[in-house]
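Shown here: my_file39.csv, CSV, C-alpha atoms.
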chain,number,residue,atom,x,y,z
E,373,MET,CA,-19.1,-7.1,17.6
E,374,GLN,CA,-18.4,-10.8,17.4
E,375,ALA,CA,-21.0,-11.3,14.6
E,376,TYR,CA,-19.4,-8.3,12.8
E,377,LEU,CA,-16.0,-9.9,13.1
E,378,VAL,CA,-17.1,-13.3,11.9
E,379,GLN,CA,-18.9,-11.8,8.9
E,380,ARG,CA,-15.8,-10.0,7.8
E,381,LEU,CA,-13.6,-13.0,8.3
E,382,LEU,CA,-15.9,-15.1,6.2
E,383,LEU,CA,-15.5,-12.7,3.3
E,384,VAL,CA,-11.7,-13.0,3.3
E,385,VAL,CA,-11.5,-16.5,1.8
E,386,PRO,CA,-13.8,-16.0,-1.3
E,387,THR,CA,-12.1,-12.6,-1.9
E,388,LEU,CA,-8.6,-14.1,-2.0
E,389,LEU,CA,-9.9,-17.0,-4.2
E,390,GLY,CA,-11.4,-14.6,-6.7
E,391,VAL,CA,-8.2,-12.5,-6.7
E,392,SER,CA,-6.1,-15.7,-7.4
E,393,ILE,CA,-8.3,-16.6,-10.3
E,394,LEU,CA,-8.1,-13.1,-11.7
E,395,VAL,CA,-4.3,-12.8,-11.3
E,396,PHE,CA,-3.8,-16.3,-12.9
E,397,ALA,CA,-6.0,-15.4,-15.9
E,398,LEU,CA,-4.5,-11.9,-16.5
E,399,VAL,CA,-1.0,-13.1,-16.4
E,400,ARG,CA,-1.7,-15.6,-19.2
E,401,VAL,CA,-3.0,-12.8,-21.5
E,402,LEU,CA,0.1,-10.6,-21.1
E,403,PRO,CA,2.0,-9.9,-24.3
E,404,GLY,CA,5.1,-12.0,-24.8
E,405,ASP,CA,5.8,-15.7,-24.2
E,406,ALA,CA,7.7,-17.0,-21.1
E,407,VAL,CA,9.2,-19.9,-23.0
E,408,ALA,CA,10.5,-17.7,-25.8
E,409,MET,CA,12.2,-15.4,-23.3
E,410,LEU,CA,13.7,-18.3,-21.4
E,411,LEU,CA,15.1,-19.8,-24.6
E,412,GLN,CA,16.5,-16.4,-25.6
E,413,ASP,CA,18.0,-15.3,-22.3
E,414,TYR,CA,18.6,-18.4,-20.1
E,415,ALA,CA,18.3,-21.6,-22.1
E,416,GLN,CA,20.0,-21.1,-25.5
E,417,GLY,CA,20.3,-24.3,-27.3
E,418,ALA,CA,17.5,-26.0,-25.3
E,419,ASP,CA,14.8,-27.9,-27.0
E,420,GLY,CA,12.0,-25.4,-27.5
E,421,ASP,CA,9.4,-28.1,-27.8
E,422,ALA,CA,10.3,-29.9,-24.6
E,423,LEU,CA,10.7,-26.8,-22.4
E,424,PRO,CA,6.9,-26.0,-22.0
E,425,ALA,CA,6.3,-29.6,-20.9
E,426,ARG,CA,9.2,-29.4,-18.4
E,427,LEU,CA,7.8,-26.2,-17.0
E,428,GLY,CA,4.2,-27.4,-16.9
E,429,LEU,CA,3.1,-24.7,-19.3
E,430,ASP,CA,1.7,-27.2,-21.9
E,431,ARG,CA,-1.3,-28.2,-19.7
E,432,PRO,CA,-4.7,-26.6,-19.9
E,433,ALA,CA,-5.1,-23.4,-17.9
E,434,PRO,CA,-7.6,-24.9,-15.4
E,435,VAL,CA,-5.1,-27.7,-14.7
E,436,GLN,CA,-2.3,-25.2,-14.3
E,437,TYR,CA,-4.4,-23.2,-11.9
E,438,VAL,CA,-5.2,-26.2,-9.6
E,439,GLU,CA,-1.6,-27.4,-9.7
E,440,TRP,CA,-0.5,-23.9,-8.6
E,441,LEU,CA,-3.2,-23.2,-6.0
E,442,GLY,CA,-2.8,-26.5,-4.2
E,443,PRO,CA,0.8,-25.8,-3.0
E,444,VAL,CA,0.0,-22.1,-2.4
E,445,VAL,CA,-2.7,-23.1,0.1
E,446,ARG,CA,0.0,-25.2,1.9
E,447,GLY,CA,2.4,-22.2,1.9
E,448,ASP,CA,4.5,-23.2,-1.1
E,449,LEU,CA,4.6,-20.4,-3.6
E,450,GLY,CA,6.6,-22.3,-6.2
E,451,SER,CA,9.9,-21.6,-7.9
E,452,LEU,CA,11.2,-19.2,-10.5
E,453,LEU,CA,10.9,-20.4,-14.1
E,454,ARG,CA,14.4,-19.1,-14.9
E,455,SER,CA,16.4,-20.7,-12.1
E,456,LYS,CA,14.0,-22.9,-10.0
E,457,THR,CA,14.9,-20.8,-7.0
E,458,PRO,CA,12.2,-21.1,-4.3
E,459,ILE,CA,10.0,-17.9,-4.4
E,460,GLY,CA,9.3,-18.1,-0.7
E,461,ALA,CA,13.0,-17.8,0.1
E,462,GLU,CA,13.4,-14.8,-2.2
E,463,LEU,CA,10.3,-13.1,-0.8
E,464,ALA,CA,11.5,-13.6,2.8
E,465,SER,CA,14.3,-11.2,2.2
E,466,ARG,CA,12.2,-8.7,0.2
E,467,ILE,CA,9.0,-8.5,2.3
E,468,PRO,CA,10.7,-6.6,5.2
E,469,VAL,CA,11.9,-4.0,2.7
E,470,THR,CA,8.5,-3.3,1.3
E,471,LEU,CA,6.9,-3.5,4.7
E,472,GLU,CA,9.3,-0.9,6.2
E,473,LEU,CA,8.7,1.4,3.2
E,474,GLY,CA,5.0,1.1,3.4
E,475,VAL,CA,4.7,1.6,7.1
E,476,LEU,CA,7.0,4.6,7.1
E,477,GLY,CA,5.0,6.1,4.2
E,478,LEU,CA,1.7,5.5,5.9
E,479,LEU,CA,2.9,7.0,9.2
E,480,PHE,CA,4.3,10.1,7.4
E,481,GLY,CA,1.1,10.5,5.4
E,482,LEU,CA,-1.0,10.4,8.5
E,483,ALA,CA,1.4,12.7,10.4
E,484,VAL,CA,0.9,15.3,7.7
E,485,ALA,CA,-2.7,14.9,6.7
E,486,LEU,CA,-4.4,14.8,10.2
E,487,PRO,CA,-2.9,17.9,11.8
E,488,VAL,CA,-3.0,20.0,8.6
E,489,GLY,CA,-6.6,18.9,7.9
E,490,VAL,CA,-7.7,19.7,11.4
E,491,LEU,CA,-5.9,23.1,11.4
E,492,SER,CA,-7.4,23.9,8.0
E,493,ALA,CA,-10.9,23.2,9.3
E,494,VAL,CA,-10.4,25.2,12.5
E,495,ARG,CA,-8.9,28.2,10.5
E,496,GLN,CA,-11.5,28.0,7.8
E,497,ASP,CA,-11.3,30.6,5.0
E,498,THR,CA,-8.0,32.0,6.4
E,499,ARG,CA,-4.6,32.1,4.7
E,500,VAL,CA,-3.7,28.9,6.5
E,501,ASP,CA,-6.8,27.2,5.1
E,502,TYR,CA,-6.1,28.3,1.5
E,503,LEU,CA,-2.5,27.2,1.8
E,504,ALA,CA,-3.4,23.8,3.1
E,505,ARG,CA,-6.1,23.2,0.5
E,506,SER,CA,-3.7,24.3,-2.3
E,507,THR,CA,-1.1,22.0,-1.0
E,508,ALA,CA,-3.5,19.0,-0.9
E,509,ILE,CA,-4.5,19.6,-4.5
E,510,GLY,CA,-0.8,19.9,-5.5
E,511,LEU,CA,0.0,16.6,-3.7
E,512,LEU,CA,-2.8,14.9,-5.6
E,513,ALA,CA,-1.6,16.2,-8.9
E,514,ILE,CA,2.1,15.4,-8.6
E,515,PRO,CA,3.0,11.9,-9.8
E,516,GLY,CA,5.2,9.9,-7.4
E,517,PHE,CA,7.6,8.6,-10.2
E,518,TRP,CA,8.2,12.2,-11.4
E,519,LEU,CA,8.9,13.5,-7.9
E,520,GLY,CA,11.2,10.5,-7.2
E,521,THR,CA,13.1,11.2,-10.3
E,522,LEU,CA,13.5,14.9,-9.4
E,523,VAL,CA,14.8,13.9,-5.9
E,524,ILE,CA,17.5,11.9,-7.5
E,525,THR,CA,18.6,14.1,-10.4
E,526,LEU,CA,18.3,17.7,-9.2
E,527,PRO,CA,20.3,17.4,-6.0
E,528,SER,CA,23.0,15.5,-7.9
E,529,VAL,CA,23.2,18.4,-10.5
E,530,TRP,CA,23.0,21.3,-8.0
E,531,TRP,CA,24.8,20.0,-4.9
E,532,GLN,CA,26.5,16.8,-6.1
E,533,TRP,CA,24.4,14.7,-3.7
E,534,THR,CA,22.2,11.7,-4.4
E,535,PRO,CA,20.3,9.4,-2.0
E,536,PRO,CA,22.3,6.3,-1.1
E,537,LEU,CA,21.4,3.6,-3.6
E,538,ARG,CA,23.2,0.7,-2.1
E,539,TYR,CA,20.7,-0.9,0.2
E,540,THR,CA,21.6,-1.7,3.8
E,541,ARG,CA,19.3,-3.8,5.8
E,542,LEU,CA,17.7,-2.4,9.0
E,543,PHE,CA,19.4,-4.7,11.5
E,544,ASP,CA,22.8,-4.4,9.8
E,545,ASP,CA,23.0,-0.6,10.2
E,546,PRO,CA,19.7,1.2,11.2
E,547,GLY,CA,21.2,4.7,10.4
E,548,LYS,CA,22.2,3.8,6.8
E,549,ASN,CA,19.0,2.0,6.3
E,550,LEU,CA,16.9,4.9,7.4
E,551,ALA,CA,18.9,7.3,5.2
E,552,GLN,CA,18.0,5.3,2.2
E,553,VAL,CA,14.4,4.5,3.0
E,554,ILE,CA,13.2,7.8,4.4
E,555,VAL,CA,13.2,9.7,1.1
E,556,PRO,CA,11.1,7.2,-0.8
E,557,ALA,CA,8.8,6.8,2.3
E,558,ILE,CA,8.2,10.5,2.3
E,559,ILE,CA,7.3,10.5,-1.4
E,560,LEU,CA,4.8,7.6,-0.7
E,561,GLY,CA,3.4,9.5,2.3
E,562,LEU,CA,3.0,12.7,0.4
E,563,ALA,CA,0.9,11.0,-2.3
E,564,LEU,CA,-1.3,9.5,0.4
E,565,SER,CA,-1.6,12.7,2.5
E,566,GLY,CA,-3.3,14.8,-0.1
E,567,THR,CA,-6.6,12.9,-0.2
E,568,LEU,CA,-6.6,12.3,3.6
E,569,MET,CA,-6.0,15.9,4.3
E,570,ARG,CA,-9.0,17.1,2.2
E,571,LEU,CA,-11.3,14.5,3.8
E,572,THR,CA,-10.1,15.3,7.3
E,573,ARG,CA,-10.8,19.0,6.7
E,574,ALA,CA,-14.3,18.3,5.3
E,575,GLN,CA,-15.3,15.9,8.1
E,576,MET,CA,-14.0,18.3,10.8
E,577,LEU,CA,-16.0,21.1,9.4
E,578,GLU,CA,-19.1,19.0,9.5
E,579,VAL,CA,-18.5,17.7,13.0
E,580,LEU,CA,-17.6,21.1,14.5
E,581,ARG,CA,-21.2,22.2,13.6
E,582,GLN,CA,-22.8,19.4,15.4
E,583,ASP,CA,-24.9,20.0,18.6
E,584,PHE,CA,-22.7,17.9,20.8
E,585,VAL,CA,-19.6,20.0,20.0
E,586,LEU,CA,-21.6,23.2,20.8
E,587,THR,CA,-22.7,21.6,24.1
E,588,ALA,CA,-19.0,20.7,24.9
E,589,HIS,CA,-18.1,24.4,24.3
E,590,GLY,CA,-21.0,25.4,26.5
E,591,LYS,CA,-19.7,23.3,29.4
E,592,GLY,CA,-16.6,25.3,29.4
E,593,LEU,CA,-14.2,22.7,27.9
E,594,THR,CA,-11.0,24.1,26.3
E,595,GLU,CA,-10.7,24.3,22.5
E,596,ARG,CA,-8.1,21.5,22.5
E,597,ALA,CA,-10.3,19.2,24.6
E,598,VAL,CA,-13.2,19.7,22.3
E,599,LEU,CA,-11.1,19.0,19.2
E,600,VAL,CA,-9.3,15.9,20.6
E,601,ARG,CA,-11.8,14.2,22.8
E,602,HIS,CA,-15.0,15.0,20.8
E,603,ALA,CA,-14.6,16.3,17.3
E,604,LEU,CA,-11.5,14.4,16.0
E,605,LYS,CA,-12.7,10.9,17.0
E,606,ASN,CA,-16.0,11.4,15.1
E,607,ALA,CA,-14.4,13.0,12.1
E,608,PHE,CA,-11.8,10.2,11.9
E,609,ILE,CA,-14.4,7.4,11.1
E,610,PRO,CA,-14.8,8.3,7.4
E,611,VAL,CA,-11.1,9.1,7.2
E,612,LEU,CA,-10.3,5.6,8.4
E,613,THR,CA,-12.6,4.1,5.8
E,614,LEU,CA,-10.8,6.1,3.1
E,615,LEU,CA,-7.5,5.0,4.5
E,616,GLY,CA,-8.4,1.4,3.9
E,617,LEU,CA,-9.1,2.1,0.3
E,618,GLN,CA,-5.8,4.0,0.0
E,619,ILE,CA,-3.8,1.0,1.1
E,620,SER,CA,-4.0,-0.4,-2.4
E,621,ILE,CA,-2.6,2.9,-3.8
E,622,LEU,CA,0.2,2.7,-1.2
E,623,VAL,CA,1.1,-0.8,-2.2
E,624,GLY,CA,1.1,0.1,-5.9
E,625,GLY,CA,3.3,3.1,-5.2
E,626,THR,CA,6.0,0.8,-3.7
E,627,VAL,CA,6.4,-0.9,-7.1
E,628,VAL,CA,7.5,2.4,-8.7
E,629,VAL,CA,9.4,3.9,-5.8
E,630,GLU,CA,11.4,0.7,-5.2
E,631,SER,CA,12.5,0.7,-8.8
E,632,ILE,CA,13.5,4.4,-8.8
E,633,PHE,CA,15.5,4.1,-5.5
E,634,ALA,CA,16.9,0.6,-6.2
E,635,LEU,CA,15.3,-0.9,-3.1
E,636,PRO,CA,15.2,-4.8,-3.2
E,637,GLY,CA,11.6,-5.1,-2.2
E,638,MET,CA,8.6,-7.0,-3.6
E,639,GLY,CA,7.7,-4.2,-6.0
E,640,ARG,CA,11.0,-4.3,-7.8
E,641,TYR,CA,10.9,-8.1,-7.8
E,642,LEU,CA,7.5,-7.9,-9.5
E,643,LEU,CA,8.8,-5.7,-12.3
E,644,GLU,CA,11.7,-8.0,-12.9
E,645,ALA,CA,9.3,-11.0,-13.1
E,646,LEU,CA,7.1,-9.0,-15.6
E,647,GLN,CA,10.1,-8.4,-17.8
E,648,TYR,CA,10.7,-12.1,-18.2
E,649,ARG,CA,7.1,-13.2,-17.9
E,650,ASP,CA,8.0,-15.4,-14.9
E,651,TYR,CA,4.4,-16.5,-14.1
E,652,PRO,CA,4.9,-18.0,-10.7
E,653,VAL,CA,6.6,-14.9,-9.3
E,654,ILE,CA,4.0,-12.5,-10.8
E,655,GLN,CA,1.2,-14.6,-9.3
E,656,ALA,CA,2.8,-15.0,-5.9
E,657,VAL,CA,3.6,-11.3,-5.5
E,658,ASN,CA,0.2,-10.1,-6.6
E,659,LEU,CA,-1.5,-12.6,-4.3
E,660,LEU,CA,0.6,-11.4,-1.4
E,661,PHE,CA,-0.2,-7.8,-2.3
E,662,ALA,CA,-3.9,-8.7,-2.5
E,663,THR,CA,-3.7,-10.4,0.9
E,664,VAL,CA,-2.1,-7.3,2.5
E,665,ILE,CA,-4.9,-5.1,1.1
E,666,VAL,CA,-7.7,-7.5,2.2
E,667,LEU,CA,-6.3,-7.8,5.7
E,668,ALA,CA,-5.7,-4.1,6.0
E,669,ASN,CA,-9.3,-3.5,5.0
E,670,LEU,CA,-10.4,-6.1,7.5
E,671,LEU,CA,-8.5,-4.3,10.2
E,672,VAL,CA,-10.1,-1.0,9.1
E,673,ASP,CA,-13.5,-2.6,9.4
E,674,LEU,CA,-12.7,-3.8,12.9
E,675,LEU,CA,-11.5,-0.4,14.0
E,676,TYR,CA,-14.6,1.2,12.4
E,677,GLY,CA,-16.7,-1.0,14.6
E,678,TRP,CA,-14.8,0.0,17.6
E,679,LEU,CA,-14.9,3.7,16.8
E,680,ASP,CA,-18.6,3.8,15.9
E,681,PRO,CA,-20.7,2.7,18.8
E,682,ARG,CA,-23.8,2.8,16.6
E,683,LEU,CA,-22.6,-0.4,15.0
E,684,ARG,CA,-22.2,-2.2,18.3
E,685,TYR,CA,-25.6,-1.0,19.6
E,686,GLY,CA,-27.3,-2.0,16.3
E,687,GLU,CA,-26.0,-5.5,16.7
E,688,GLN,CA,-27.2,-5.7,20.3
E,689,ALA,CA,-30.6,-4.5,19.3
E,690,ALA,CA,-30.8,-7.1,16.5

This structure in structure tokens:
Amino acid sequence: MQAYLVQRLLLVVPTLLGVSILVFALVRVLPGDAVAMLLQDYAQGADGDALPARLGLDRPAPVQYVEWLGPVVRGDLGSLLRSKTPIGAELASRIPVTLELGVLGLLFGLAVALPVGVLSAVRQDTRVDYLARSTAIGLLAIPGFWLGTLVITLPSVWWQWTPPLRYTRLFDDPGKNLAQVIVPAIILGLALSGTLMRLTRAQMLEVLRQDFVLTAHGKGLTERAVLVRHALKNAFIPVLTLLGLQISILVGGTVVVESIFALPGMGRYLLEALQYRDYPVIQAVNLLFATVIVLANLLVDLLYGWLDPRLRYGEQAA
């Protein structure tokens, strides 16, 4: 297990380095010019020839990359081009919003996908199974931005009710905070649950036909004991792998959902930076998102090694 852990940790650094190069390069090919937008919106009357040099945008791209990466490695994410406000201070207030939204969405998705997937497999080819499969396909087909827009507009038309759009921080008023975050979290979780539900059902059907499950039934164990202690743990291994891949979709979904529900998180911050081509903000937020995804997949790999004894035994044999 230790060799497995070291191998995965060694992959984190080159992965993040590759992501930083990719993000830096892609930001530079975006349509629009940061200097022109700054002159138009924030620096009217400024010298357009001197502004690129003052911002460090007149240097060759490799030089800009090294000058940006050096402070980032030391924990300094730079400052906004528009106001020179430190990005780290801004992200410190926005990361908890996105983290809360993502965790609640993940928990809700798992709370829906796992029980419904197991029930669908146990009740194969019944009305419950057909309903669960149809629901999973529907959740996969419904775009999150469309569902979020409906949640805001239709209740306001029919019942004169809208979700609270003035954000309240968790520690200021947990009740108001939950009232605002729970609806977008459910929308995120529903988008995640469709795929997990289908895979959970498929894996449970496969595991329930294995010899060790039949042996457990033959020993007189109850249906619940067989499902929880034997079948579900083995069926969850591929689901856990897919969950690691779905983290990127969950992170991307926060960008749209935060904008729809006016949540001051990292996703909304990213969209604002894209609007003004604020390169340091775009690079910092994307690098943080990539770090979250890489670390989440690292955690999934470690859990995979813990759940699958074949991996540990294979290392011992080697």

- Skip E:Gly510 itself and residues of its chain fewer than 2 positions away, then list as number ranges by chain all residues within 12 Å of it, counting only C-alpha atoms. E: 503-508, 512-516, 519, 562-567, 569-570

Could you dump the residues just selected with C-alpha atoms as a PDB file, in the frame of the given file?
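Below is the file again11.pdb, written as the result:
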ATOM      1  CA  LEU E 503      -2.500  27.200   1.800  1.00  0.00           C
ATOM      2  CA  ALA E 504      -3.400  23.800   3.100  1.00  0.00           C
ATOM      3  CA  ARG E 505      -6.100  23.200   0.500  1.00  0.00           C
ATOM      4  CA  SER E 506      -3.700  24.300  -2.300  1.00  0.00           C
ATOM      5  CA  THR E 507      -1.100  22.000  -1.000  1.00  0.00           C
ATOM      6  CA  ALA E 508      -3.500  19.000  -0.900  1.00  0.00           C
ATOM      7  CA  LEU E 512      -2.800  14.900  -5.600  1.00  0.00           C
ATOM      8  CA  ALA E 513      -1.600  16.200  -8.900  1.00  0.00           C
ATOM      9  CA  ILE E 514       2.100  15.400  -8.600  1.00  0.00           C
ATOM     10  CA  PRO E 515       3.000  11.900  -9.800  1.00  0.00           C
ATOM     11  CA  GLY E 516       5.200   9.900  -7.400  1.00  0.00           C
ATOM     12  CA  LEU E 519       8.900  13.500  -7.900  1.00  0.00           C
ATOM     13  CA  LEU E 562       3.000  12.700   0.400  1.00  0.00           C
ATOM     14  CA  ALA E 563       0.900  11.000  -2.300  1.00  0.00           C
ATOM     15  CA  LEU E 564      -1.300   9.500   0.400  1.00  0.00           C
ATOM     16  CA  SER E 565      -1.600  12.700   2.500  1.00  0.00           C
ATOM     17  CA  GLY E 566      -3.300  14.800  -0.100  1.00  0.00           C
ATOM     18  CA  THR E 567      -6.600  12.900  -0.200  1.00  0.00           C
ATOM     19  CA  MET E 569      -6.000  15.900   4.300  1.00  0.00           C
ATOM     20  CA  ARG E 570      -9.000  17.100   2.200  1.00  0.00           C
TER      21      ARG E 570
END

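Computed from the coordinates, the atom CA of E:Val579 to atom CA of E:Ala603 distance equals 6.0 Å.
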
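Counting all atoms listed in the file, the residue from E:His602, E:Leu560, E:His589, E:Leu377 that sits nearest to E:Gly474 is E:Leu560.
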
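Counting from atom CA of E:Trp440, the distance to atom CA of E:Leu389 is 12.5 Å.
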
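Among the candidates E:Val488, E:Ala493, E:Leu463, E:Glu644, the residue lying nearest to E:Arg581 is E:Ala493 (atoms considered: only C-alpha atoms).
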
Kindly provide, as a short mmCIF file (atom, residue, chain, number, x, y, z; two decimals) with C-alpha atoms, in the frame of the given file, the polymer residues lying within 9 Å of (-5.7, -21.8, -9.8), counting only C-alpha atoms and using the coordinates exactly as they appear in the file.
data_model
loop_
_atom_site.label_atom_id
_atom_site.label_comp_id
_atom_site.auth_asym_id
_atom_site.auth_seq_id
_atom_site.Cartn_x
_atom_site.Cartn_y
_atom_site.Cartn_z
CA LEU E 389 -9.90 -17.00 -4.20
CA SER E 392 -6.10 -15.70 -7.40
CA ILE E 393 -8.30 -16.60 -10.30
CA PHE E 396 -3.80 -16.30 -12.90
CA ALA E 397 -6.00 -15.40 -15.90
CA ALA E 433 -5.10 -23.40 -17.90
CA PRO E 434 -7.60 -24.90 -15.40
CA VAL E 435 -5.10 -27.70 -14.70
CA GLN E 436 -2.30 -25.20 -14.30
CA TYR E 437 -4.40 -23.20 -11.90
CA VAL E 438 -5.20 -26.20 -9.60
CA GLU E 439 -1.60 -27.40 -9.70
CA TRP E 440 -0.50 -23.90 -8.60
CA LEU E 441 -3.20 -23.20 -6.00
CA GLY E 442 -2.80 -26.50 -4.20
#

- Counting all atoms listed in the file, which residues come within 8 Å of (-13.6, -10.1, 5.2), with the point read in the file's coordinates, and could you list them as an MDAnalysis selection string? chainID E and resid 379:385 387 666:667 669:670

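Note that atom CA of E:Tyr651 and atom CA of E:Gly450 are 10.0 Å apart.
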
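Among E:Leu402, E:Trp518, E:Asn606, E:Ile558, the residue with the shortest atom-to-atom distance to E:Leu646, counting only C-alpha atoms, is E:Leu402.
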
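With only C-alpha atoms as the basis for measurement, E:Pro652 is the residue among E:Ser465, E:Pro652, E:Leu604, E:Val628 that approaches E:Pro443 most closely.
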
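With only C-alpha atoms as the atoms that count, the minimum distance from E:Val555 to the choices E:Ala588, E:Val600, E:Leu642, E:Ile632 is reached by E:Ile632.
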
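Each of E:Ala668, E:Thr594, E:Ile654, E:Pro527 was compared to E:Ile619 using all atoms listed in the file, and E:Ala668 turns out to be the nearest.
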
- Task: Just the residues within 10 Å of E:Val623, please, counting all atoms listed in the file, with nothing from its chain fewer than 5 positions along; format it as an MDAnalysis selection string.
- Result: chainID E and resid 470:471 473:474 560 618 628 638:639 661:662 664:665
